[in-house]
Structures are given as C-alpha cells and as structure tokens.
Amino acid sequence: MEKLVSWNDAFSVGVKCIDDQHKQLVKIINCVQRVKNIEKDRKKTITVLNCLIRYTDTHFITEEKLMKEYDYPEYKEHQEEHEKLLMDIFNIHSLYEKGDITSNCLMVFLKDWLVCHILDTDRRCGLFLKAKGVS
Ligand SMILES: [Fe+2]
Ligand SMILES: [Fe+2]
C-alpha cells in the first residue's frame, strides 16, 4: 500500500528537532491511513486522529518556543497559521466522528493539511533558525 505521505528531503527544514517531529507527524498521518484501509475501523481511526492532534499541539509548542527564543520576525503570522491548522483538524475530526464526511475525504484533507505548512512556512522559519546557529 502506498503511503499517504512519504518523507523526502524536500520536507527538511534543516533543524533536527523540527525535522524529527515532522517525521513523527508523517508517521502518524500514515498510520491513520493504515488503520482506515486495513482494519477499516472507524473508532480506531478516531483514536489515531486524536494522537495526531495531541502530537501536533506538542510540535507547534516546540516551534513557537524556538521562534520566540530567537526573535523570529514572522512569529505572529506563523503562530496564527498553527492556530488555523489546529482549528481545521478539530473540525475535520468532529465531522468524521459524526459521520458527516467519508474516510476518503479525511485522507484527502490529511494529505495536504500539514505538508503545505512544512514546505512553505516551516522551511522559511528553518532557514532563519539555521542562520542563527540552531541545528
Ligand atoms: Fe512544523
Ligand atoms: Fe509551523
């Protein structure tokens, strides 16, 4: 089964602790797909989705701490994007829980939900942190 999201070097932001957490997030997203496709278990899918939300929250706190520590000029915009991403995943979670969207819709959403943020906003932030000597 092809993974929903495959980690590749283009995802790297150049800061190890952020890359490690992103890899973990990709793993959890692929786990949602696996549980949905192989076990076809809606309840279990929701449990993994809850894990994804919790880990995303932890990850955003890590990034925001680093951005604050190094006075990142785009902190506010980045943090607002995090808030929106969390709101979006909460909304999708509740729609899926109520049965208002299909599993396929959930997967389509998850595929782009975090990746677009990593490739653009997080990479910009990574370049800044790297220039400050964070590795
Ligand atoms: Fe991130
Ligand atoms: Fe971020």
# chains A, B, ... in the order shown; residues from 1 in each chain; ligands from 1
$ residues_near_ligand --ligand "ligand 1" --cutoff "7 Å" --atoms "only C-alpha atoms and all ligand atoms" --output "ChimeraX atom specification"
/A:18,22,59-60,63,118,122
$ write_last_selection --atoms "all heavy atoms" --output "PDB file, in the first residue's frame"
ATOM      1  N   ILE A  18      13.098  19.844  14.749  1.00  0.00           N
ATOM      2  CA  ILE A  18      11.852  20.092  13.995  1.00  0.00           C
ATOM      3  C   ILE A  18      11.642  18.977  12.965  1.00  0.00           C
ATOM      4  O   ILE A  18      10.547  18.425  12.847  1.00  0.00           O
ATOM      5  CB  ILE A  18      11.870  21.480  13.307  1.00  0.00           C
ATOM      6  CG1 ILE A  18      11.929  22.586  14.365  1.00  0.00           C
ATOM      7  CG2 ILE A  18      10.635  21.661  12.423  1.00  0.00           C
ATOM      8  CD1 ILE A  18      11.954  23.999  13.807  1.00  0.00           C
ATOM      9  N   HIS A  22       8.502  16.454  12.598  1.00  0.00           N
ATOM     10  CA  HIS A  22       7.741  16.358  11.343  1.00  0.00           C
ATOM     11  C   HIS A  22       7.674  14.903  10.866  1.00  0.00           C
ATOM     12  O   HIS A  22       6.641  14.456  10.382  1.00  0.00           O
ATOM     13  CB  HIS A  22       8.390  17.220  10.248  1.00  0.00           C
ATOM     14  CG  HIS A  22       8.127  18.695  10.417  1.00  0.00           C
ATOM     15  ND1 HIS A  22       8.870  19.650   9.793  1.00  0.00           N
ATOM     16  CD2 HIS A  22       7.197  19.356  11.155  1.00  0.00           C
ATOM     17  CE1 HIS A  22       8.399  20.844  10.119  1.00  0.00           C
ATOM     18  NE2 HIS A  22       7.393  20.698  10.957  1.00  0.00           N
ATOM     19  N   HIS A  59       4.112  19.669  18.931  1.00  0.00           N
ATOM     20  CA  HIS A  59       5.042  20.138  17.912  1.00  0.00           C
ATOM     21  C   HIS A  59       4.964  21.656  17.728  1.00  0.00           C
ATOM     22  O   HIS A  59       5.985  22.343  17.652  1.00  0.00           O
ATOM     23  CB  HIS A  59       4.760  19.418  16.593  1.00  0.00           C
ATOM     24  CG  HIS A  59       5.456  20.044  15.441  1.00  0.00           C
ATOM     25  ND1 HIS A  59       6.830  20.122  15.376  1.00  0.00           N
ATOM     26  CD2 HIS A  59       4.988  20.676  14.329  1.00  0.00           C
ATOM     27  CE1 HIS A  59       7.170  20.757  14.276  1.00  0.00           C
ATOM     28  NE2 HIS A  59       6.083  21.114  13.629  1.00  0.00           N
ATOM     29  N   PHE A  60       3.745  22.189  17.680  1.00  0.00           N
ATOM     30  CA  PHE A  60       3.585  23.633  17.493  1.00  0.00           C
ATOM     31  C   PHE A  60       4.208  24.387  18.678  1.00  0.00           C
ATOM     32  O   PHE A  60       4.822  25.439  18.503  1.00  0.00           O
ATOM     33  CB  PHE A  60       2.105  23.995  17.337  1.00  0.00           C
ATOM     34  CG  PHE A  60       1.522  23.604  15.994  1.00  0.00           C
ATOM     35  CD1 PHE A  60       0.154  23.702  15.745  1.00  0.00           C
ATOM     36  CD2 PHE A  60       2.340  23.145  14.966  1.00  0.00           C
ATOM     37  CE1 PHE A  60      -0.378  23.355  14.511  1.00  0.00           C
ATOM     38  CE2 PHE A  60       1.820  22.783  13.726  1.00  0.00           C
ATOM     39  CZ  PHE A  60       0.452  22.894  13.503  1.00  0.00           C
ATOM     40  N   GLU A  63       7.995  24.545  18.099  1.00  0.00           N
ATOM     41  CA  GLU A  63       8.375  25.552  17.087  1.00  0.00           C
ATOM     42  C   GLU A  63       8.193  26.964  17.629  1.00  0.00           C
ATOM     43  O   GLU A  63       9.048  27.830  17.441  1.00  0.00           O
ATOM     44  CB  GLU A  63       7.517  25.377  15.833  1.00  0.00           C
ATOM     45  CG  GLU A  63       8.012  24.312  14.890  1.00  0.00           C
ATOM     46  CD  GLU A  63       7.223  24.291  13.583  1.00  0.00           C
ATOM     47  OE1 GLU A  63       6.367  25.179  13.368  1.00  0.00           O
ATOM     48  OE2 GLU A  63       7.463  23.371  12.779  1.00  0.00           O
ATOM     49  N   ILE A 118       4.593  22.764   6.133  1.00  0.00           N
ATOM     50  CA  ILE A 118       6.018  22.399   6.270  1.00  0.00           C
ATOM     51  C   ILE A 118       6.821  22.966   5.107  1.00  0.00           C
ATOM     52  O   ILE A 118       7.871  23.585   5.301  1.00  0.00           O
ATOM     53  CB  ILE A 118       6.198  20.853   6.329  1.00  0.00           C
ATOM     54  CG1 ILE A 118       5.608  20.296   7.621  1.00  0.00           C
ATOM     55  CG2 ILE A 118       7.684  20.474   6.213  1.00  0.00           C
ATOM     56  CD1 ILE A 118       5.658  18.780   7.739  1.00  0.00           C
ATOM     57  N   ASP A 122       7.204  26.505   7.485  1.00  0.00           N
ATOM     58  CA  ASP A 122       8.232  25.911   8.359  1.00  0.00           C
ATOM     59  C   ASP A 122       9.619  25.979   7.733  1.00  0.00           C
ATOM     60  O   ASP A 122      10.617  26.152   8.434  1.00  0.00           O
ATOM     61  CB  ASP A 122       7.892  24.440   8.679  1.00  0.00           C
ATOM     62  CG  ASP A 122       6.809  24.335   9.739  1.00  0.00           C
ATOM     63  OD1 ASP A 122       6.478  25.363  10.351  1.00  0.00           O
ATOM     64  OD2 ASP A 122       6.312  23.220   9.952  1.00  0.00           O
TER      65      ASP A 122
END
$ residues_around --residues "Ile29 of chain A" --least-positions-apart "6" --cutoff "8 Å" --atoms "only C-alpha atoms" --output "PyMOL selection string"
chain A and resi 4-5+52+110
$ write_last_selection --atoms "C-alpha atoms" --output "PDB file, in the first residue's frame"
ATOM      1  CA  LEU A   4      -0.338   8.745   2.078  1.00  0.00           C
ATOM      2  CA  VAL A   5       2.689  10.977   2.678  1.00  0.00           C
ATOM      3  CA  LEU A  52      -2.256  13.267  15.676  1.00  0.00           C
ATOM      4  CA  LEU A 110      -4.728  14.981   5.760  1.00  0.00           C
TER       5      LEU A 110
END
$ residues_near_ligand --ligand "ligand 2" --cutoff "12 Å" --atoms "only C-alpha atoms and all ligand atoms" --output "compact mmCIF listing (two decimals) with all heavy atoms, in the first residue's frame"
# COMPACT_ATOMS: atom_id res chain seq x y z
N VAL A 13 13.64 21.01 7.09
CA VAL A 13 13.76 22.46 7.33
C VAL A 13 15.17 22.80 7.83
O VAL A 13 15.49 23.95 8.08
CB VAL A 13 12.69 22.98 8.32
CG1 VAL A 13 11.29 22.70 7.82
CG2 VAL A 13 12.88 22.42 9.73
N ILE A 18 13.10 19.84 14.75
CA ILE A 18 11.85 20.09 14.00
C ILE A 18 11.64 18.98 12.97
O ILE A 18 10.55 18.42 12.85
CB ILE A 18 11.87 21.48 13.31
CG1 ILE A 18 11.93 22.59 14.36
CG2 ILE A 18 10.63 21.66 12.42
CD1 ILE A 18 11.95 24.00 13.81
N ASP A 19 12.71 18.62 12.25
CA ASP A 19 12.60 17.53 11.27
C ASP A 19 12.13 16.22 11.93
O ASP A 19 11.29 15.51 11.39
CB ASP A 19 13.94 17.28 10.58
CG ASP A 19 14.23 18.32 9.49
OD1 ASP A 19 13.29 19.02 9.08
OD2 ASP A 19 15.39 18.42 9.06
N GLN A 21 10.34 15.83 14.59
CA GLN A 21 8.91 15.90 14.94
C GLN A 21 8.04 15.83 13.68
O GLN A 21 6.98 15.19 13.70
CB GLN A 21 8.62 17.19 15.72
CG GLN A 21 9.22 17.16 17.12
CD GLN A 21 8.77 18.32 17.99
OE1 GLN A 21 8.16 19.27 17.52
NE2 GLN A 21 9.07 18.25 19.27
N HIS A 22 8.50 16.45 12.60
CA HIS A 22 7.74 16.36 11.34
C HIS A 22 7.67 14.90 10.87
O HIS A 22 6.64 14.46 10.38
CB HIS A 22 8.39 17.22 10.25
CG HIS A 22 8.13 18.70 10.42
ND1 HIS A 22 8.87 19.65 9.79
CD2 HIS A 22 7.20 19.36 11.15
CE1 HIS A 22 8.40 20.84 10.12
NE2 HIS A 22 7.39 20.70 10.96
N THR A 56 0.51 17.14 17.28
CA THR A 56 0.59 18.41 16.54
C THR A 56 0.70 19.57 17.52
O THR A 56 1.50 20.48 17.36
CB THR A 56 -0.68 18.59 15.67
OG1 THR A 56 -0.76 17.50 14.76
CG2 THR A 56 -0.63 19.88 14.88
N ASP A 57 -0.10 19.51 18.57
CA ASP A 57 -0.08 20.55 19.59
C ASP A 57 1.32 20.65 20.22
O ASP A 57 1.88 21.74 20.33
CB ASP A 57 -1.14 20.19 20.65
CG ASP A 57 -1.52 21.40 21.47
OD1 ASP A 57 -1.47 22.53 20.92
OD2 ASP A 57 -1.83 21.23 22.66
N THR A 58 1.88 19.52 20.59
CA THR A 58 3.23 19.48 21.16
C THR A 58 4.24 20.08 20.19
O THR A 58 5.10 20.87 20.56
CB THR A 58 3.64 18.01 21.43
OG1 THR A 58 2.65 17.42 22.24
CG2 THR A 58 5.00 17.89 22.09
N HIS A 59 4.11 19.67 18.93
CA HIS A 59 5.04 20.14 17.91
C HIS A 59 4.96 21.66 17.73
O HIS A 59 5.98 22.34 17.65
CB HIS A 59 4.76 19.42 16.59
CG HIS A 59 5.46 20.04 15.44
ND1 HIS A 59 6.83 20.12 15.38
CD2 HIS A 59 4.99 20.68 14.33
CE1 HIS A 59 7.17 20.76 14.28
NE2 HIS A 59 6.08 21.11 13.63
N PHE A 60 3.74 22.19 17.68
CA PHE A 60 3.59 23.63 17.49
C PHE A 60 4.21 24.39 18.68
O PHE A 60 4.82 25.44 18.50
CB PHE A 60 2.11 24.00 17.34
CG PHE A 60 1.52 23.60 15.99
CD1 PHE A 60 0.15 23.70 15.75
CD2 PHE A 60 2.34 23.15 14.97
CE1 PHE A 60 -0.38 23.36 14.51
CE2 PHE A 60 1.82 22.78 13.73
CZ PHE A 60 0.45 22.89 13.50
N ILE A 61 4.07 23.85 19.87
CA ILE A 61 4.66 24.49 21.06
C ILE A 61 6.19 24.54 20.91
O ILE A 61 6.81 25.56 21.18
CB ILE A 61 4.23 23.75 22.35
CG1 ILE A 61 2.74 24.01 22.62
CG2 ILE A 61 5.07 24.20 23.56
CD1 ILE A 61 2.12 23.17 23.72
N THR A 62 6.79 23.44 20.43
CA THR A 62 8.24 23.39 20.21
C THR A 62 8.67 24.49 19.24
O THR A 62 9.60 25.25 19.52
CB THR A 62 8.67 22.02 19.61
OG1 THR A 62 8.22 21.00 20.48
CG2 THR A 62 10.17 21.93 19.43
N GLU A 63 8.00 24.54 18.10
CA GLU A 63 8.37 25.55 17.09
C GLU A 63 8.19 26.96 17.63
O GLU A 63 9.05 27.83 17.44
CB GLU A 63 7.52 25.38 15.83
CG GLU A 63 8.01 24.31 14.89
CD GLU A 63 7.22 24.29 13.58
OE1 GLU A 63 6.37 25.18 13.37
OE2 GLU A 63 7.46 23.37 12.78
N GLU A 64 7.08 27.19 18.32
CA GLU A 64 6.80 28.54 18.81
C GLU A 64 7.82 28.97 19.86
O GLU A 64 8.22 30.14 19.93
CB GLU A 64 5.36 28.62 19.32
CG GLU A 64 4.36 28.61 18.16
CD GLU A 64 2.92 28.35 18.56
OE1 GLU A 64 2.60 28.48 19.76
OE2 GLU A 64 2.11 28.01 17.67
N LYS A 65 8.25 28.02 20.67
CA LYS A 65 9.28 28.32 21.69
C LYS A 65 10.58 28.76 21.02
O LYS A 65 11.21 29.74 21.41
CB LYS A 65 9.53 27.07 22.53
CG LYS A 65 9.21 27.27 24.01
CD LYS A 65 9.42 26.01 24.79
CE LYS A 65 10.72 26.04 25.55
NZ LYS A 65 11.02 24.75 26.18
N LEU A 66 10.98 28.00 19.99
CA LEU A 66 12.22 28.33 19.26
C LEU A 66 12.11 29.69 18.57
O LEU A 66 13.04 30.49 18.62
CB LEU A 66 12.51 27.26 18.20
CG LEU A 66 13.25 26.01 18.67
CD1 LEU A 66 13.24 24.95 17.58
CD2 LEU A 66 14.69 26.34 19.04
N MET A 67 10.96 29.93 17.96
CA MET A 67 10.77 31.21 17.25
C MET A 67 10.87 32.38 18.22
O MET A 67 11.46 33.40 17.93
CB MET A 67 9.40 31.23 16.55
CG MET A 67 9.33 30.37 15.31
SD MET A 67 7.83 30.71 14.36
CE MET A 67 6.66 29.63 15.16
N GLU A 74 8.66 36.68 11.85
CA GLU A 74 7.34 36.25 11.36
C GLU A 74 6.59 35.39 12.37
O GLU A 74 5.69 34.63 12.02
CB GLU A 74 7.51 35.45 10.05
CG GLU A 74 7.93 36.30 8.87
CD GLU A 74 8.15 35.45 7.62
OE1 GLU A 74 7.30 34.61 7.31
OE2 GLU A 74 9.20 35.62 6.97
N TYR A 75 6.99 35.56 13.64
CA TYR A 75 6.38 34.73 14.69
C TYR A 75 4.85 34.76 14.66
O TYR A 75 4.18 33.74 14.68
CB TYR A 75 6.90 35.16 16.07
CG TYR A 75 6.20 34.46 17.21
CD1 TYR A 75 6.62 33.20 17.63
CD2 TYR A 75 5.09 35.03 17.84
CE1 TYR A 75 5.96 32.54 18.66
CE2 TYR A 75 4.43 34.37 18.87
CZ TYR A 75 4.87 33.13 19.27
OH TYR A 75 4.22 32.47 20.28
N LYS A 76 4.31 35.99 14.66
CA LYS A 76 2.86 36.15 14.79
C LYS A 76 2.10 35.42 13.65
O LYS A 76 1.16 34.67 13.91
CB LYS A 76 2.50 37.63 14.79
CG LYS A 76 1.11 37.91 15.32
CD LYS A 76 0.84 39.40 15.44
CE LYS A 76 -0.61 39.63 15.79
NZ LYS A 76 -1.52 39.45 14.65
N GLU A 77 2.55 35.65 12.42
CA GLU A 77 1.88 35.02 11.27
C GLU A 77 1.98 33.49 11.36
O GLU A 77 1.03 32.78 11.08
CB GLU A 77 2.53 35.46 9.95
CG GLU A 77 2.39 36.93 9.61
CD GLU A 77 3.48 37.81 10.19
OE1 GLU A 77 4.07 37.44 11.23
OE2 GLU A 77 3.74 38.88 9.61
N HIS A 78 3.17 33.04 11.77
CA HIS A 78 3.40 31.59 11.86
C HIS A 78 2.49 30.98 12.95
O HIS A 78 1.84 29.95 12.73
CB HIS A 78 4.87 31.33 12.16
CG HIS A 78 5.31 29.92 11.90
ND1 HIS A 78 6.49 29.60 11.30
CD2 HIS A 78 4.70 28.72 12.17
CE1 HIS A 78 6.60 28.29 11.20
NE2 HIS A 78 5.54 27.74 11.74
N GLN A 79 2.44 31.66 14.06
CA GLN A 79 1.63 31.15 15.17
C GLN A 79 0.14 31.14 14.80
O GLN A 79 -0.60 30.21 15.14
CB GLN A 79 1.90 32.03 16.41
CG GLN A 79 1.41 31.47 17.71
CD GLN A 79 0.12 32.14 18.15
OE1 GLN A 79 -0.19 33.25 17.70
NE2 GLN A 79 -0.63 31.46 18.97
N GLU A 80 -0.30 32.17 14.06
CA GLU A 80 -1.70 32.21 13.63
C GLU A 80 -2.01 31.06 12.66
O GLU A 80 -3.10 30.50 12.68
CB GLU A 80 -2.00 33.56 12.94
CG GLU A 80 -2.26 34.65 13.97
CD GLU A 80 -2.31 36.06 13.38
OE1 GLU A 80 -2.18 36.20 12.13
OE2 GLU A 80 -2.45 37.00 14.15
N GLU A 81 -1.03 30.73 11.84
CA GLU A 81 -1.22 29.60 10.92
C GLU A 81 -1.37 28.29 11.71
O GLU A 81 -2.20 27.44 11.37
CB GLU A 81 -0.02 29.50 9.97
CG GLU A 81 -0.43 29.44 8.52
CD GLU A 81 0.73 29.33 7.57
OE1 GLU A 81 1.18 28.20 7.32
OE2 GLU A 81 1.20 30.38 7.09
N HIS A 82 -0.57 28.15 12.76
CA HIS A 82 -0.70 26.97 13.63
C HIS A 82 -2.10 26.89 14.22
O HIS A 82 -2.71 25.82 14.23
CB HIS A 82 0.31 27.05 14.79
CG HIS A 82 1.71 26.70 14.39
ND1 HIS A 82 2.78 26.88 15.24
CD2 HIS A 82 2.21 26.18 13.24
CE1 HIS A 82 3.88 26.49 14.62
NE2 HIS A 82 3.58 26.06 13.42
N GLU A 83 -2.60 28.03 14.69
CA GLU A 83 -3.94 28.05 15.28
C GLU A 83 -4.98 27.59 14.26
O GLU A 83 -5.89 26.83 14.58
CB GLU A 83 -4.29 29.47 15.73
CG GLU A 83 -4.14 29.66 17.22
CD GLU A 83 -4.33 31.11 17.62
OE1 GLU A 83 -5.27 31.76 17.15
OE2 GLU A 83 -3.49 31.57 18.42
N LYS A 84 -4.81 28.07 13.03
CA LYS A 84 -5.77 27.71 11.97
C LYS A 84 -5.68 26.21 11.66
O LYS A 84 -6.71 25.55 11.50
CB LYS A 84 -5.53 28.55 10.72
CG LYS A 84 -6.66 28.37 9.74
CD LYS A 84 -6.49 29.11 8.46
CE LYS A 84 -7.63 28.79 7.50
NZ LYS A 84 -7.75 27.36 7.17
N LEU A 85 -4.45 25.69 11.60
CA LEU A 85 -4.27 24.26 11.31
C LEU A 85 -4.94 23.41 12.38
O LEU A 85 -5.57 22.39 12.09
CB LEU A 85 -2.78 23.92 11.22
CG LEU A 85 -2.04 24.41 9.97
CD1 LEU A 85 -0.54 24.34 10.16
CD2 LEU A 85 -2.45 23.58 8.76
N LEU A 86 -4.79 23.85 13.63
CA LEU A 86 -5.42 23.09 14.72
C LEU A 86 -6.94 23.15 14.63
O LEU A 86 -7.63 22.15 14.83
CB LEU A 86 -4.95 23.63 16.08
CG LEU A 86 -3.67 23.02 16.64
CD1 LEU A 86 -3.27 23.71 17.93
CD2 LEU A 86 -3.80 21.51 16.90
N TRP A 113 -2.88 18.86 4.56
CA TRP A 113 -3.08 19.67 5.76
C TRP A 113 -1.77 20.19 6.36
O TRP A 113 -1.59 21.38 6.57
CB TRP A 113 -3.88 18.84 6.79
CG TRP A 113 -3.90 19.40 8.15
CD1 TRP A 113 -4.56 20.53 8.55
CD2 TRP A 113 -3.25 18.86 9.30
NE1 TRP A 113 -4.34 20.73 9.87
CE2 TRP A 113 -3.55 19.73 10.36
CE3 TRP A 113 -2.45 17.74 9.54
CZ2 TRP A 113 -3.07 19.51 11.64
CZ3 TRP A 113 -1.98 17.52 10.81
CH2 TRP A 113 -2.29 18.39 11.84
N LEU A 114 -0.82 19.30 6.58
CA LEU A 114 0.42 19.71 7.25
C LEU A 114 1.55 19.95 6.24
O LEU A 114 2.39 20.82 6.45
CB LEU A 114 0.84 18.61 8.22
CG LEU A 114 1.91 19.02 9.22
CD1 LEU A 114 1.36 20.02 10.21
CD2 LEU A 114 2.46 17.81 9.94
N VAL A 115 1.53 19.18 5.15
CA VAL A 115 2.64 19.24 4.20
C VAL A 115 2.82 20.65 3.62
O VAL A 115 3.94 21.16 3.55
CB VAL A 115 2.41 18.19 3.07
CG1 VAL A 115 3.38 18.40 1.93
CG2 VAL A 115 2.57 16.79 3.66
N CYS A 116 1.72 21.30 3.28
CA CYS A 116 1.82 22.66 2.71
C CYS A 116 2.47 23.60 3.71
O CYS A 116 3.29 24.45 3.34
CB CYS A 116 0.44 23.19 2.34
SG CYS A 116 -0.32 22.23 1.04
N HIS A 117 2.14 23.45 4.96
CA HIS A 117 2.71 24.30 6.01
C HIS A 117 4.22 24.02 6.17
O HIS A 117 5.02 24.94 6.29
CB HIS A 117 1.97 24.05 7.33
CG HIS A 117 2.50 24.85 8.48
ND1 HIS A 117 2.20 26.19 8.66
CD2 HIS A 117 3.34 24.53 9.49
CE1 HIS A 117 2.83 26.64 9.74
NE2 HIS A 117 3.53 25.65 10.26
N ILE A 118 4.59 22.76 6.13
CA ILE A 118 6.02 22.40 6.27
C ILE A 118 6.82 22.97 5.11
O ILE A 118 7.87 23.59 5.30
CB ILE A 118 6.20 20.85 6.33
CG1 ILE A 118 5.61 20.30 7.62
CG2 ILE A 118 7.68 20.47 6.21
CD1 ILE A 118 5.66 18.78 7.74
N LEU A 119 6.31 22.77 3.89
CA LEU A 119 7.08 23.15 2.70
C LEU A 119 7.25 24.66 2.55
O LEU A 119 8.22 25.12 1.96
CB LEU A 119 6.41 22.59 1.43
CG LEU A 119 6.49 21.08 1.28
CD1 LEU A 119 5.73 20.62 0.04
CD2 LEU A 119 7.94 20.59 1.21
N ASP A 120 6.32 25.41 3.11
CA ASP A 120 6.42 26.86 2.95
C ASP A 120 6.81 27.53 4.29
O ASP A 120 7.96 27.90 4.50
CB ASP A 120 5.08 27.37 2.42
CG ASP A 120 5.07 28.88 2.28
OD1 ASP A 120 6.15 29.45 2.01
OD2 ASP A 120 4.01 29.51 2.44
N THR A 121 5.88 27.63 5.18
CA THR A 121 6.07 28.40 6.43
C THR A 121 7.19 27.83 7.31
O THR A 121 8.02 28.57 7.82
CB THR A 121 4.73 28.42 7.20
OG1 THR A 121 3.70 28.75 6.28
CG2 THR A 121 4.75 29.44 8.32
N ASP A 122 7.20 26.51 7.49
CA ASP A 122 8.23 25.91 8.36
C ASP A 122 9.62 25.98 7.73
O ASP A 122 10.62 26.15 8.43
CB ASP A 122 7.89 24.44 8.68
CG ASP A 122 6.81 24.34 9.74
OD1 ASP A 122 6.48 25.36 10.35
OD2 ASP A 122 6.31 23.22 9.95
N ARG A 123 9.69 25.85 6.44
CA ARG A 123 11.01 25.91 5.79
C ARG A 123 11.61 27.30 5.91
O ARG A 123 12.80 27.46 6.15
CB ARG A 123 10.91 25.48 4.32
CG ARG A 123 10.73 23.97 4.21
CD ARG A 123 10.99 23.47 2.83
NE ARG A 123 12.41 23.58 2.50
CZ ARG A 123 12.88 23.38 1.28
NH1 ARG A 123 12.07 23.10 0.31
NH2 ARG A 123 14.15 23.48 1.05
N ARG A 124 10.76 28.32 5.77
CA ARG A 124 11.24 29.69 5.92
C ARG A 124 11.77 29.91 7.33
O ARG A 124 12.82 30.48 7.55
CB ARG A 124 10.08 30.65 5.64
CG ARG A 124 10.51 31.80 4.78
CD ARG A 124 9.39 32.59 4.17
NE ARG A 124 8.23 32.77 5.00
CZ ARG A 124 7.01 32.35 4.65
NH1 ARG A 124 6.84 31.72 3.53
NH2 ARG A 124 6.00 32.57 5.44
N CYS A 125 11.03 29.40 8.28
CA CYS A 125 11.41 29.53 9.68
C CYS A 125 12.70 28.74 9.95
O CYS A 125 13.60 29.21 10.66
CB CYS A 125 10.26 28.99 10.52
SG CYS A 125 10.59 28.83 12.24
N GLY A 126 12.82 27.57 9.33
CA GLY A 126 14.01 26.74 9.49
C GLY A 126 15.26 27.45 8.98
O GLY A 126 16.31 27.41 9.62
$ select_by_dssp --residues "segment 28-105 of chain A" --states "alpha helix (DSSP H)" --output "PyMOL selection string"
chain A and resi 28-34+42-69+75-98+103-105
$ residues_around --residues "Ser103 of chain A" --least-positions-apart "2" --cutoff "9 Å" --atoms "only C-alpha atoms" --output "mmCIF file with N, CA, C and O atoms, in the first residue's frame"
data_model
loop_
_atom_site.group_PDB
_atom_site.id
_atom_site.type_symbol
_atom_site.label_atom_id
_atom_site.label_comp_id
_atom_site.auth_asym_id
_atom_site.auth_seq_id
_atom_site.Cartn_x
_atom_site.Cartn_y
_atom_site.Cartn_z
ATOM 1 N N GLN A 33 -4.091 6.363 7.805
ATOM 2 C CA GLN A 33 -4.445 5.725 6.534
ATOM 3 C C GLN A 33 -4.449 4.192 6.655
ATOM 4 O O GLN A 33 -5.346 3.520 6.169
ATOM 5 N N LYS A 36 -7.379 2.950 8.647
ATOM 6 C CA LYS A 36 -8.602 3.127 7.846
ATOM 7 C C LYS A 36 -8.678 2.080 6.734
ATOM 8 O O LYS A 36 -9.709 1.458 6.526
ATOM 9 N N ARG A 42 -13.446 2.493 12.207
ATOM 10 C CA ARG A 42 -13.682 3.925 12.365
ATOM 11 C C ARG A 42 -13.255 4.420 13.752
ATOM 12 O O ARG A 42 -12.664 5.481 13.895
ATOM 13 N N TYR A 96 -15.842 13.888 10.993
ATOM 14 C CA TYR A 96 -15.627 12.448 10.769
ATOM 15 C C TYR A 96 -16.308 11.632 11.871
ATOM 16 O O TYR A 96 -16.931 10.602 11.612
ATOM 17 N N ILE A 101 -18.421 13.212 7.046
ATOM 18 C CA ILE A 101 -17.518 13.086 5.888
ATOM 19 C C ILE A 101 -17.022 11.642 5.790
ATOM 20 O O ILE A 101 -16.953 10.930 6.794
ATOM 21 N N CYS A 105 -12.517 11.477 2.209
ATOM 22 C CA CYS A 105 -12.428 12.930 2.404
ATOM 23 C C CYS A 105 -11.392 13.248 3.473
ATOM 24 O O CYS A 105 -10.604 14.190 3.342
ATOM 25 N N LEU A 106 -11.412 12.455 4.527
ATOM 26 C CA LEU A 106 -10.457 12.651 5.629
ATOM 27 C C LEU A 106 -9.030 12.523 5.105
ATOM 28 O O LEU A 106 -8.158 13.335 5.423
ATOM 29 N N MET A 107 -8.794 11.516 4.255
ATOM 30 C CA MET A 107 -7.446 11.285 3.724
ATOM 31 C C MET A 107 -7.010 12.422 2.796
ATOM 32 O O MET A 107 -5.882 12.880 2.865
ATOM 33 N N VAL A 108 -7.929 12.872 1.964
ATOM 34 C CA VAL A 108 -7.619 13.986 1.050
ATOM 35 C C VAL A 108 -7.205 15.200 1.884
ATOM 36 O O VAL A 108 -6.224 15.884 1.585
#
$ atom_distance --atom1 "atom CA of Lys27 of chain A" --atom2 "atom CA of Val48 of chain A"
10.8 Å
$ atom_distance --atom1 "atom CA of Phe90 of chain A" --atom2 "atom CA of Thr45 of chain A"
14.2 Å
$ residues_around --residues "Ser135 of chain A" --least-positions-apart "3" --cutoff "7 Å" --atoms "only C-alpha atoms" --output "number ranges by chain"
A: 14-16, 130
$ write_last_selection --atoms "all heavy atoms" --output "PDB file, in the first residue's frame"
ATOM      1  N   GLY A  14      16.005  21.762   7.979  1.00  0.00           N
ATOM      2  CA  GLY A  14      17.400  21.991   8.360  1.00  0.00           C
ATOM      3  C   GLY A  14      17.655  22.074   9.853  1.00  0.00           C
ATOM      4  O   GLY A  14      18.778  22.329  10.277  1.00  0.00           O
ATOM      5  N   VAL A  15      16.608  21.892  10.646  1.00  0.00           N
ATOM      6  CA  VAL A  15      16.782  21.900  12.113  1.00  0.00           C
ATOM      7  C   VAL A  15      16.323  20.538  12.623  1.00  0.00           C
ATOM      8  O   VAL A  15      15.163  20.157  12.427  1.00  0.00           O
ATOM      9  CB  VAL A  15      15.958  23.044  12.767  1.00  0.00           C
ATOM     10  CG1 VAL A  15      16.051  22.996  14.281  1.00  0.00           C
ATOM     11  CG2 VAL A  15      16.406  24.399  12.240  1.00  0.00           C
ATOM     12  N   LYS A  16      17.231  19.811  13.245  1.00  0.00           N
ATOM     13  CA  LYS A  16      16.973  18.398  13.531  1.00  0.00           C
ATOM     14  C   LYS A  16      15.730  18.151  14.392  1.00  0.00           C
ATOM     15  O   LYS A  16      14.920  17.291  14.084  1.00  0.00           O
ATOM     16  CB  LYS A  16      18.199  17.746  14.164  1.00  0.00           C
ATOM     17  CG  LYS A  16      18.061  16.240  14.210  1.00  0.00           C
ATOM     18  CD  LYS A  16      19.275  15.559  14.775  1.00  0.00           C
ATOM     19  CE  LYS A  16      19.090  14.055  14.792  1.00  0.00           C
ATOM     20  NZ  LYS A  16      17.982  13.584  15.602  1.00  0.00           N
ATOM     21  N   LYS A 130      18.369  28.244  11.325  1.00  0.00           N
ATOM     22  CA  LYS A 130      19.669  27.689  10.945  1.00  0.00           C
ATOM     23  C   LYS A 130      20.726  28.800  10.871  1.00  0.00           C
ATOM     24  O   LYS A 130      21.851  28.647  11.345  1.00  0.00           O
ATOM     25  CB  LYS A 130      19.544  26.993   9.585  1.00  0.00           C
ATOM     26  CG  LYS A 130      20.353  25.724   9.528  1.00  0.00           C
ATOM     27  CD  LYS A 130      20.186  25.041   8.206  1.00  0.00           C
ATOM     28  CE  LYS A 130      21.408  24.168   7.947  1.00  0.00           C
ATOM     29  NZ  LYS A 130      21.392  23.622   6.602  1.00  0.00           N
TER      30      LYS A 130
END
$ closest_residue --among "A:Trp7, A:Asp88, A:Ser94, A:Asp41" --to "Phe109 of chain A" --atoms "only C-alpha atoms"
A:Asp88
$ atom_distance --atom1 "atom CA of Ala10 of chain A" --atom2 "atom CA of Val26 of chain A"
13.5 Å
$ residues_around --residues "Met1 of chain A" --least-positions-apart "5" --cutoff "12 Å" --atoms "only C-alpha atoms" --output "list in words"
Ser6, Asn30, Cys31, Gln33, Arg34, Val35, Asn37 and Ile38 of chain A
